[in-house]
>>> print(open('data.cif').read())   # mmCIF, C-alpha atoms
data_my_file
loop_
_atom_site.group_PDB
_atom_site.id
_atom_site.type_symbol
_atom_site.label_atom_id
_atom_site.label_comp_id
_atom_site.auth_asym_id
_atom_site.auth_seq_id
_atom_site.Cartn_x
_atom_site.Cartn_y
_atom_site.Cartn_z
ATOM 1 C CA MET E 1 -79.491 14.162 29.451
ATOM 2 C CA GLY E 2 -79.585 11.266 26.968
ATOM 3 C CA ALA E 3 -77.293 10.416 24.112
ATOM 4 C CA LEU E 4 -77.339 12.513 20.993
ATOM 5 C CA PRO E 5 -79.664 11.334 18.223
ATOM 6 C CA VAL E 6 -77.929 9.337 15.497
ATOM 7 C CA ARG E 7 -78.277 12.154 12.943
ATOM 8 C CA TRP E 8 -76.412 14.524 15.244
ATOM 9 C CA ARG E 9 -73.685 11.963 15.935
ATOM 10 C CA ILE E 10 -73.191 11.503 12.198
ATOM 11 C CA ALA E 11 -73.168 15.257 11.544
ATOM 12 C CA ILE E 12 -70.655 15.922 14.311
ATOM 13 C CA SER E 13 -68.420 13.042 13.265
ATOM 14 C CA GLU E 14 -68.355 14.250 9.645
ATOM 15 C CA ALA E 15 -67.344 17.827 10.496
ATOM 16 C CA PRO E 16 -63.611 16.934 10.385
ATOM 17 C CA VAL E 17 -64.186 15.298 6.995
ATOM 18 C CA PHE E 18 -65.457 18.558 5.537
ATOM 19 C CA VAL E 19 -62.553 20.446 7.105
ATOM 20 C CA ALA E 20 -60.017 17.981 5.643
ATOM 21 C CA ILE E 21 -61.593 18.160 2.188
ATOM 22 C CA ALA E 22 -61.757 21.967 2.326
ATOM 23 C CA LEU E 23 -58.103 22.221 3.392
ATOM 24 C CA ALA E 24 -57.023 19.815 0.667
ATOM 25 C CA GLY E 25 -59.018 21.769 -1.912
ATOM 26 C CA TRP E 26 -57.552 25.062 -0.732
ATOM 27 C CA TRP E 27 -54.034 23.617 -0.950
ATOM 28 C CA VAL E 28 -54.600 22.147 -4.421
ATOM 29 C CA LEU E 29 -56.014 25.397 -5.788
ATOM 30 C CA GLY E 30 -52.875 27.179 -4.585
ATOM 31 C CA HIS E 31 -50.521 24.614 -6.106
ATOM 32 C CA PRO E 32 -51.473 23.893 -9.715
ATOM 33 C CA ALA E 33 -49.090 21.467 -11.355
ATOM 34 C CA THR E 34 -47.533 21.544 -14.760
ATOM 35 C CA PRO E 35 -50.078 19.709 -16.877
ATOM 36 C CA LEU E 36 -49.028 16.486 -18.498
ATOM 37 C CA PRO E 37 -49.036 17.345 -22.220
ATOM 38 C CA GLU E 38 -50.018 13.982 -23.632
ATOM 39 C CA VAL E 39 -53.528 12.580 -23.231
ATOM 40 C CA ALA E 40 -52.070 9.102 -22.725
ATOM 41 C CA ASP E 41 -49.896 10.375 -19.846
ATOM 42 C CA ARG E 42 -52.879 11.989 -18.150
ATOM 43 C CA LEU E 43 -54.958 8.834 -18.501
ATOM 44 C CA ALA E 44 -52.065 6.690 -17.284
ATOM 45 C CA GLN E 45 -51.732 8.809 -14.154
ATOM 46 C CA ALA E 46 -55.448 8.618 -13.373
ATOM 47 C CA ILE E 47 -55.628 4.903 -14.053
ATOM 48 C CA GLY E 48 -52.534 4.361 -11.923
ATOM 49 C CA TRP E 49 -54.267 5.858 -8.890
ATOM 50 C CA LEU E 50 -57.191 3.465 -9.412
ATOM 51 C CA VAL E 51 -55.025 0.842 -7.735
ATOM 52 C CA VAL E 52 -56.171 2.331 -4.399
ATOM 53 C CA PRO E 53 -59.868 1.471 -4.887
ATOM 54 C CA GLY E 54 -58.789 -1.879 -6.309
ATOM 55 C CA LEU E 55 -56.772 -2.654 -3.187
ATOM 56 C CA CYS E 56 -59.710 -1.642 -0.985
ATOM 57 C CA ILE E 57 -61.975 -4.068 -2.852
ATOM 58 C CA ALA E 58 -59.325 -6.788 -2.661
ATOM 59 C CA ALA E 59 -58.938 -6.271 1.090
ATOM 60 C CA GLY E 60 -62.673 -6.695 1.587
ATOM 61 C CA ILE E 61 -62.697 -9.873 -0.482
ATOM 62 C CA VAL E 62 -59.754 -11.324 1.457
ATOM 63 C CA LEU E 63 -61.327 -10.468 4.821
ATOM 64 C CA THR E 64 -64.659 -11.966 3.751
ATOM 65 C CA ALA E 65 -63.039 -15.143 2.436
ATOM 66 C CA SER E 66 -60.930 -15.608 5.541
ATOM 67 C CA MET E 67 -63.998 -15.245 7.737
ATOM 68 C CA ARG E 68 -65.961 -17.732 5.634
ATOM 69 C CA PHE E 69 -63.131 -20.277 5.642
ATOM 70 C CA SER E 70 -62.812 -20.060 9.413
ATOM 71 C CA ASP E 71 -66.465 -20.928 10.131
ATOM 72 C CA ASP E 72 -68.082 -24.151 8.893
ATOM 73 C CA ARG E 73 -71.561 -22.610 9.224
ATOM 74 C CA ILE E 74 -70.887 -20.006 6.517
ATOM 75 C CA ILE E 75 -68.226 -21.616 4.335
ATOM 76 C CA ASP E 76 -70.808 -22.522 1.674
ATOM 77 C CA GLY E 77 -71.256 -18.869 0.720
ATOM 78 C CA GLN E 78 -74.824 -18.296 1.848
ATOM 79 C CA ALA E 79 -75.788 -14.701 2.454
ATOM 80 C CA SER E 80 -78.570 -15.241 4.981
ATOM 81 C CA ASN E 81 -78.181 -15.943 8.681
ATOM 82 C CA VAL E 82 -74.543 -14.874 8.662
ATOM 83 C CA PRO E 83 -72.731 -13.435 11.705
ATOM 84 C CA ASP E 84 -72.937 -9.672 12.121
ATOM 85 C CA ARG E 85 -69.226 -9.170 11.344
ATOM 86 C CA LEU E 86 -69.582 -11.008 8.032
ATOM 87 C CA GLU E 87 -72.696 -8.992 7.181
ATOM 88 C CA ILE E 88 -70.682 -5.814 7.812
ATOM 89 C CA LEU E 89 -67.899 -7.076 5.525
ATOM 90 C CA LEU E 90 -70.429 -7.863 2.804
ATOM 91 C CA ARG E 91 -71.866 -4.344 3.122
ATOM 92 C CA TYR E 92 -68.342 -2.892 3.056
ATOM 93 C CA ASN E 93 -67.630 -4.838 -0.144
ATOM 94 C CA ARG E 94 -70.842 -3.681 -1.802
ATOM 95 C CA ASN E 95 -70.351 -0.035 -0.835
ATOM 96 C CA THR E 96 -66.679 -0.077 -1.827
ATOM 97 C CA LEU E 97 -67.592 -1.467 -5.232
ATOM 98 C CA GLU E 98 -70.223 1.257 -5.664
ATOM 99 C CA GLN E 99 -67.704 3.939 -4.691
ATOM 100 C CA ALA E 100 -65.060 2.422 -6.985
ATOM 101 C CA ILE E 101 -67.391 2.563 -9.986
ATOM 102 C CA LEU E 102 -67.856 6.274 -9.372
ATOM 103 C CA VAL E 103 -64.113 6.950 -9.277
ATOM 104 C CA ILE E 104 -63.371 4.731 -12.278
ATOM 105 C CA ILE E 105 -65.502 7.168 -14.249
ATOM 106 C CA ALA E 106 -64.510 10.398 -12.467
ATOM 107 C CA TRP E 107 -60.731 10.238 -12.125
ATOM 108 C CA PRO E 108 -59.836 9.676 -15.816
ATOM 109 C CA ALA E 109 -62.432 12.252 -16.895
ATOM 110 C CA PHE E 110 -60.953 14.736 -14.419
ATOM 111 C CA ALA E 111 -57.407 14.036 -15.635
ATOM 112 C CA LEU E 112 -58.514 14.853 -19.170
ATOM 113 C CA ALA E 113 -60.697 17.865 -18.373
ATOM 114 C CA VAL E 114 -58.567 19.574 -15.716
ATOM 115 C CA PRO E 115 -54.926 18.692 -16.472
ATOM 116 C CA THR E 116 -53.522 21.548 -14.352
ATOM 117 C CA PHE E 117 -54.943 20.269 -11.064
ATOM 118 C CA ALA E 118 -55.254 16.544 -11.739
ATOM 119 C CA PRO E 119 -51.584 15.674 -11.006
ATOM 120 C CA VAL E 120 -51.906 17.308 -7.583
ATOM 121 C CA LEU E 121 -55.475 16.357 -6.727
ATOM 122 C CA LEU E 122 -55.635 12.711 -7.787
ATOM 123 C CA PRO E 123 -53.085 11.472 -5.209
ATOM 124 C CA ILE E 124 -54.988 13.356 -2.514
ATOM 125 C CA VAL E 125 -58.387 11.925 -3.443
ATOM 126 C CA ALA E 126 -56.817 8.464 -3.712
ATOM 127 C CA ALA E 127 -55.497 8.892 -0.152
ATOM 128 C CA PHE E 128 -58.951 10.050 0.980
ATOM 129 C CA PHE E 129 -60.449 6.984 -0.703
ATOM 130 C CA GLY E 130 -58.106 4.560 1.059
ATOM 131 C CA ALA E 131 -58.447 6.259 4.440
ATOM 132 C CA GLY E 132 -62.194 6.531 3.945
ATOM 133 C CA ARG E 133 -62.665 2.861 3.246
ATOM 134 C CA LEU E 134 -60.625 1.947 6.329
ATOM 135 C CA ALA E 135 -62.609 4.386 8.468
ATOM 136 C CA PHE E 136 -65.867 3.073 6.983
ATOM 137 C CA LEU E 137 -65.054 -0.513 7.949
ATOM 138 C CA ILE E 138 -63.727 0.304 11.414
ATOM 139 C CA GLY E 139 -66.611 2.676 12.090
ATOM 140 C CA TYR E 140 -69.136 0.088 10.949
ATOM 141 C CA MET E 141 -67.593 -2.497 13.276
ATOM 142 C CA ILE E 142 -67.927 -0.069 16.196
ATOM 143 C CA ALA E 143 -71.447 1.173 15.459
ATOM 144 C CA PRO E 144 -73.365 1.378 12.169
ATOM 145 C CA TRP E 145 -73.753 5.165 12.414
ATOM 146 C CA ALA E 146 -69.966 5.568 12.801
ATOM 147 C CA ARG E 147 -69.382 4.511 9.181
ATOM 148 C CA GLY E 148 -70.365 8.039 8.137
ATOM 149 C CA VAL E 149 -66.836 9.413 8.474
ATOM 150 C CA GLY E 150 -65.476 6.800 6.100
ATOM 151 C CA PHE E 151 -68.355 7.277 3.699
ATOM 152 C CA GLY E 152 -67.731 11.012 3.690
ATOM 153 C CA LEU E 153 -63.990 10.676 3.064
ATOM 154 C CA THR E 154 -64.723 8.387 0.141
ATOM 155 C CA PHE E 155 -67.804 9.936 -1.436
ATOM 156 C CA TYR E 156 -67.548 13.714 -1.007
ATOM 157 C CA PRO E 157 -64.232 14.176 -2.894
ATOM 158 C CA THR E 158 -65.672 12.132 -5.747
ATOM 159 C CA ALA E 159 -68.869 14.179 -5.686
ATOM 160 C CA LEU E 160 -66.808 17.376 -5.831
ATOM 161 C CA ILE E 161 -64.927 16.036 -8.860
ATOM 162 C CA TYR E 162 -68.244 15.306 -10.578
ATOM 163 C CA GLY E 163 -69.370 18.840 -9.712
ATOM 164 C CA TRP E 164 -66.162 20.271 -11.127
ATOM 165 C CA LEU E 165 -66.603 18.219 -14.299
ATOM 166 C CA ILE E 166 -70.218 19.266 -14.747
ATOM 167 C CA PHE E 167 -70.086 22.930 -13.726
ATOM 168 C CA GLY E 168 -66.438 23.956 -13.818
ATOM 169 C CA ALA E 169 -64.995 22.402 -16.936
#
>>> encode(input="data.cif", output="structure tokens")
Amino acid sequence: MGALPVRWRIAISEAPVFVAIALAGWWVLGHPATPLPEVADRLAQAIGWLVVPGLCIAAGIVLTASMRFSDDRIIDGQASNVPDRLEILLRYNRNTLEQAILVIIAWPAFALAVPTFAPVLLPIVAAFFGAGRLAFLIGYMIAPWARGVGFGLTFYPTALIYGWLIFGA
């Protein structure tokens, strides 16, 4: 019997992601916080958690720069004919920036629209974001299909926030 097709490997590897997100959601719904009364306080909390995506982007930039500076063949900044590990870092950087743009919009909007759950949920989704980016990079280094866990930890909580904003607020 051969190896599982890539789609099945991705689906199986993401099952724990859905369980983690469901458990976090169940916990948050059972533990609403006292809403922050001032709009500025709610925005400050959401913006404060944006340091997590910022650190993930910074880590990718530092890793990319250190790899470029350690290899004379790629120090000039070209993007073609680069080693596989550098190509993975460049893809990590691009995807992390895409994910960060989504949360820069979603988290402050969520803090304003759903002040009862935002103080509890935002730290959790920030933790998912950080863990997701790490899992994305490590998974990508192991095998391209293995990045799915990290993608799921990063993207699905953000997608759920957008859903909540669109349909639940």
>>> residues_around(input="data.cif", residues="Arg7 of chain E", least_positions_apart="4", cutoff="12 Å", atoms="all atoms listed in the file", output="PyMOL selection string")
chain E and resi 3+11-14+144-146+148
>>> write_last_selection(input="data.cif", atoms="C-alpha atoms", output="PDB file, in the frame of the given file")
ATOM      1  CA  ALA E   3     -77.293  10.416  24.112  1.00  0.00           C
ATOM      2  CA  ALA E  11     -73.168  15.257  11.544  1.00  0.00           C
ATOM      3  CA  ILE E  12     -70.655  15.922  14.311  1.00  0.00           C
ATOM      4  CA  SER E  13     -68.420  13.042  13.265  1.00  0.00           C
ATOM      5  CA  GLU E  14     -68.355  14.250   9.645  1.00  0.00           C
ATOM      6  CA  PRO E 144     -73.365   1.378  12.169  1.00  0.00           C
ATOM      7  CA  TRP E 145     -73.753   5.165  12.414  1.00  0.00           C
ATOM      8  CA  ALA E 146     -69.966   5.568  12.801  1.00  0.00           C
ATOM      9  CA  GLY E 148     -70.365   8.039   8.137  1.00  0.00           C
TER      10      GLY E 148
END
>>> atom_distance(input="data.cif", atom1="atom CA of Gln99 of chain E", atom2="atom CA of Phe155 of chain E")
6.8 Å
>>> closest_residue(input="data.cif", among="E:Met141, E:Leu36, E:Leu97, E:Ala131", to="Ile57 of chain E", atoms="only C-alpha atoms")
E:Leu97
>>> closest_residue(input="data.cif", among="E:Gly60, E:Pro35, E:Gly132, E:Gly30", to="Pro157 of chain E", atoms="only C-alpha atoms")
E:Gly132
>>> residues_near_point(input="data.cif", point="(-67.9, 1.2, 9.7)", cutoff="9 Å", atoms="only C-alpha atoms", output="list in words")
Ile88, Tyr92, Arg133, Leu134, Ala135, Phe136, Leu137, Ile138, Gly139, Tyr140, Met141, Ile142, Ala143, Pro144, Trp145, Ala146, Arg147, Gly148, Val149, Gly150 and Phe151 of chain E
>>> resolve_selection(input="data.cif", expression="the PyMOL selection byres ((chain E and resi 52) around 8)", output="number ranges by chain")
E: 49-51, 53-56, 126-127, 129-130
>>> resolve_selection(input="data.cif", expression="the PyMOL selection byres ((chain E and resi 102-111) around 7)", output="PDB file with C-alpha atoms, in the frame of the given file")
ATOM      1  CA  ARG E  42     -52.879  11.989 -18.150  1.00  0.00           C
ATOM      2  CA  LEU E  43     -54.958   8.834 -18.501  1.00  0.00           C
ATOM      3  CA  ALA E  46     -55.448   8.618 -13.373  1.00  0.00           C
ATOM      4  CA  ILE E  47     -55.628   4.903 -14.053  1.00  0.00           C
ATOM      5  CA  LEU E  50     -57.191   3.465  -9.412  1.00  0.00           C
ATOM      6  CA  GLU E  98     -70.223   1.257  -5.664  1.00  0.00           C
ATOM      7  CA  GLN E  99     -67.704   3.939  -4.691  1.00  0.00           C
ATOM      8  CA  ALA E 100     -65.060   2.422  -6.985  1.00  0.00           C
ATOM      9  CA  ILE E 101     -67.391   2.563  -9.986  1.00  0.00           C
ATOM     10  CA  LEU E 112     -58.514  14.853 -19.170  1.00  0.00           C
ATOM     11  CA  ALA E 113     -60.697  17.865 -18.373  1.00  0.00           C
ATOM     12  CA  VAL E 114     -58.567  19.574 -15.716  1.00  0.00           C
ATOM     13  CA  PRO E 115     -54.926  18.692 -16.472  1.00  0.00           C
ATOM     14  CA  ALA E 118     -55.254  16.544 -11.739  1.00  0.00           C
ATOM     15  CA  THR E 158     -65.672  12.132  -5.747  1.00  0.00           C
ATOM     16  CA  ILE E 161     -64.927  16.036  -8.860  1.00  0.00           C
ATOM     17  CA  TYR E 162     -68.244  15.306 -10.578  1.00  0.00           C
ATOM     18  CA  LEU E 165     -66.603  18.219 -14.299  1.00  0.00           C
TER      19      LEU E 165
END
>>> closest_residue(input="data.cif", among="E:Val125, E:Leu90, E:Val39, E:Gln45", to="Met67 of chain E", atoms="all atoms listed in the file")
E:Leu90
>>> atom_distance(input="data.cif", atom1="atom CA of Ile166 of chain E", atom2="atom CA of Ala33 of chain E")
21.5 Å
>>> decode(input="data.cif", residues="segment 13-42 of chain E", atoms="N, CA and C atoms", output="PDB file, in the first residue's frame")
ATOM      1  N   SER E  13      -3.609  16.083   8.745  1.00  0.00           N
ATOM      2  CA  SER E  13      -2.755  16.925   9.579  1.00  0.00           C
ATOM      3  C   SER E  13      -3.505  18.139  10.110  1.00  0.00           C
ATOM      4  N   GLU E  14      -4.537  18.598   9.415  1.00  0.00           N
ATOM      5  CA  GLU E  14      -5.280  19.772   9.873  1.00  0.00           C
ATOM      6  C   GLU E  14      -6.405  19.426  10.843  1.00  0.00           C
ATOM      7  N   ALA E  15      -6.721  18.169  11.020  1.00  0.00           N
ATOM      8  CA  ALA E  15      -7.784  17.794  11.960  1.00  0.00           C
ATOM      9  C   ALA E  15      -7.527  18.350  13.361  1.00  0.00           C
ATOM     10  N   PRO E  16      -6.301  18.241  13.904  1.00  0.00           N
ATOM     11  CA  PRO E  16      -6.067  18.828  15.234  1.00  0.00           C
ATOM     12  C   PRO E  16      -6.230  20.346  15.258  1.00  0.00           C
ATOM     13  N   VAL E  17      -5.996  20.997  14.137  1.00  0.00           N
ATOM     14  CA  VAL E  17      -6.184  22.448  14.059  1.00  0.00           C
ATOM     15  C   VAL E  17      -7.655  22.783  14.300  1.00  0.00           C
ATOM     16  N   PHE E  18      -8.537  22.070  13.629  1.00  0.00           N
ATOM     17  CA  PHE E  18      -9.963  22.332  13.791  1.00  0.00           C
ATOM     18  C   PHE E  18     -10.416  22.026  15.215  1.00  0.00           C
ATOM     19  N   VAL E  19      -9.865  20.976  15.810  1.00  0.00           N
ATOM     20  CA  VAL E  19     -10.201  20.644  17.190  1.00  0.00           C
ATOM     21  C   VAL E  19      -9.740  21.762  18.122  1.00  0.00           C
ATOM     22  N   ALA E  20      -8.509  22.239  17.944  1.00  0.00           N
ATOM     23  CA  ALA E  20      -7.981  23.318  18.794  1.00  0.00           C
ATOM     24  C   ALA E  20      -8.814  24.584  18.663  1.00  0.00           C
ATOM     25  N   ILE E  21      -9.172  24.937  17.443  1.00  0.00           N
ATOM     26  CA  ILE E  21      -9.973  26.147  17.219  1.00  0.00           C
ATOM     27  C   ILE E  21     -11.367  25.971  17.822  1.00  0.00           C
ATOM     28  N   ALA E  22     -11.954  24.803  17.662  1.00  0.00           N
ATOM     29  CA  ALA E  22     -13.282  24.544  18.231  1.00  0.00           C
ATOM     30  C   ALA E  22     -13.243  24.602  19.760  1.00  0.00           C
ATOM     31  N   LEU E  23     -12.224  24.009  20.363  1.00  0.00           N
ATOM     32  CA  LEU E  23     -12.101  24.055  21.825  1.00  0.00           C
ATOM     33  C   LEU E  23     -11.888  25.479  22.322  1.00  0.00           C
ATOM     34  N   ALA E  24     -11.060  26.234  21.627  1.00  0.00           N
ATOM     35  CA  ALA E  24     -10.837  27.626  22.015  1.00  0.00           C
ATOM     36  C   ALA E  24     -12.133  28.426  21.893  1.00  0.00           C
ATOM     37  N   GLY E  25     -12.855  28.220  20.801  1.00  0.00           N
ATOM     38  CA  GLY E  25     -14.129  28.913  20.616  1.00  0.00           C
ATOM     39  C   GLY E  25     -15.143  28.552  21.686  1.00  0.00           C
ATOM     40  N   TRP E  26     -15.216  27.264  22.011  1.00  0.00           N
ATOM     41  CA  TRP E  26     -16.130  26.817  23.061  1.00  0.00           C
ATOM     42  C   TRP E  26     -15.770  27.461  24.394  1.00  0.00           C
ATOM     43  N   TRP E  27     -14.474  27.521  24.707  1.00  0.00           N
ATOM     44  CA  TRP E  27     -14.031  28.123  25.960  1.00  0.00           C
ATOM     45  C   TRP E  27     -14.357  29.609  25.985  1.00  0.00           C
ATOM     46  N   VAL E  28     -14.073  30.309  24.892  1.00  0.00           N
ATOM     47  CA  VAL E  28     -14.324  31.756  24.840  1.00  0.00           C
ATOM     48  C   VAL E  28     -15.807  32.055  25.001  1.00  0.00           C
ATOM     49  N   LEU E  29     -16.655  31.293  24.337  1.00  0.00           N
ATOM     50  CA  LEU E  29     -18.095  31.538  24.435  1.00  0.00           C
ATOM     51  C   LEU E  29     -18.606  31.339  25.858  1.00  0.00           C
ATOM     52  N   GLY E  30     -17.943  30.482  26.622  1.00  0.00           N
ATOM     53  CA  GLY E  30     -18.327  30.261  28.012  1.00  0.00           C
ATOM     54  C   GLY E  30     -17.707  31.235  28.984  1.00  0.00           C
ATOM     55  N   HIS E  31     -16.806  32.071  28.525  1.00  0.00           N
ATOM     56  CA  HIS E  31     -16.093  32.997  29.411  1.00  0.00           C
ATOM     57  C   HIS E  31     -16.066  34.420  28.838  1.00  0.00           C
ATOM     58  N   PRO E  32     -17.230  35.021  28.636  1.00  0.00           N
ATOM     59  CA  PRO E  32     -17.199  36.408  28.148  1.00  0.00           C
ATOM     60  C   PRO E  32     -16.537  37.307  29.192  1.00  0.00           C
ATOM     61  N   ALA E  33     -15.823  38.284  28.726  1.00  0.00           N
ATOM     62  CA  ALA E  33     -15.127  39.204  29.613  1.00  0.00           C
ATOM     63  C   ALA E  33     -15.968  40.456  29.822  1.00  0.00           C
ATOM     64  N   THR E  34     -15.579  41.210  30.812  1.00  0.00           N
ATOM     65  CA  THR E  34     -16.183  42.523  30.988  1.00  0.00           C
ATOM     66  C   THR E  34     -15.679  43.402  29.856  1.00  0.00           C
ATOM     67  N   PRO E  35     -16.585  43.943  29.059  1.00  0.00           N
ATOM     68  CA  PRO E  35     -16.123  44.747  27.927  1.00  0.00           C
ATOM     69  C   PRO E  35     -15.378  45.990  28.389  1.00  0.00           C
ATOM     70  N   LEU E  36     -14.386  46.358  27.623  1.00  0.00           N
ATOM     71  CA  LEU E  36     -13.700  47.619  27.880  1.00  0.00           C
ATOM     72  C   LEU E  36     -14.637  48.736  27.443  1.00  0.00           C
ATOM     73  N   PRO E  37     -14.947  49.696  28.333  1.00  0.00           N
ATOM     74  CA  PRO E  37     -15.982  50.680  27.994  1.00  0.00           C
ATOM     75  C   PRO E  37     -15.568  51.697  26.941  1.00  0.00           C
ATOM     76  N   GLU E  38     -14.319  52.044  26.898  1.00  0.00           N
ATOM     77  CA  GLU E  38     -13.886  53.092  25.979  1.00  0.00           C
ATOM     78  C   GLU E  38     -13.427  52.501  24.643  1.00  0.00           C
ATOM     79  N   VAL E  39     -13.831  53.134  23.567  1.00  0.00           N
ATOM     80  CA  VAL E  39     -13.424  52.704  22.226  1.00  0.00           C
ATOM     81  C   VAL E  39     -11.905  52.687  22.111  1.00  0.00           C
ATOM     82  N   ALA E  40     -11.262  53.717  22.649  1.00  0.00           N
ATOM     83  CA  ALA E  40      -9.796  53.800  22.570  1.00  0.00           C
ATOM     84  C   ALA E  40      -9.138  52.622  23.282  1.00  0.00           C
ATOM     85  N   ASP E  41      -9.716  52.186  24.414  1.00  0.00           N
ATOM     86  CA  ASP E  41      -9.151  51.037  25.136  1.00  0.00           C
ATOM     87  C   ASP E  41      -9.289  49.753  24.321  1.00  0.00           C
ATOM     88  N   ARG E  42     -10.439  49.604  23.674  1.00  0.00           N
ATOM     89  CA  ARG E  42     -10.648  48.405  22.856  1.00  0.00           C
ATOM     90  C   ARG E  42      -9.702  48.378  21.669  1.00  0.00           C
TER      91      ARG E  42
END
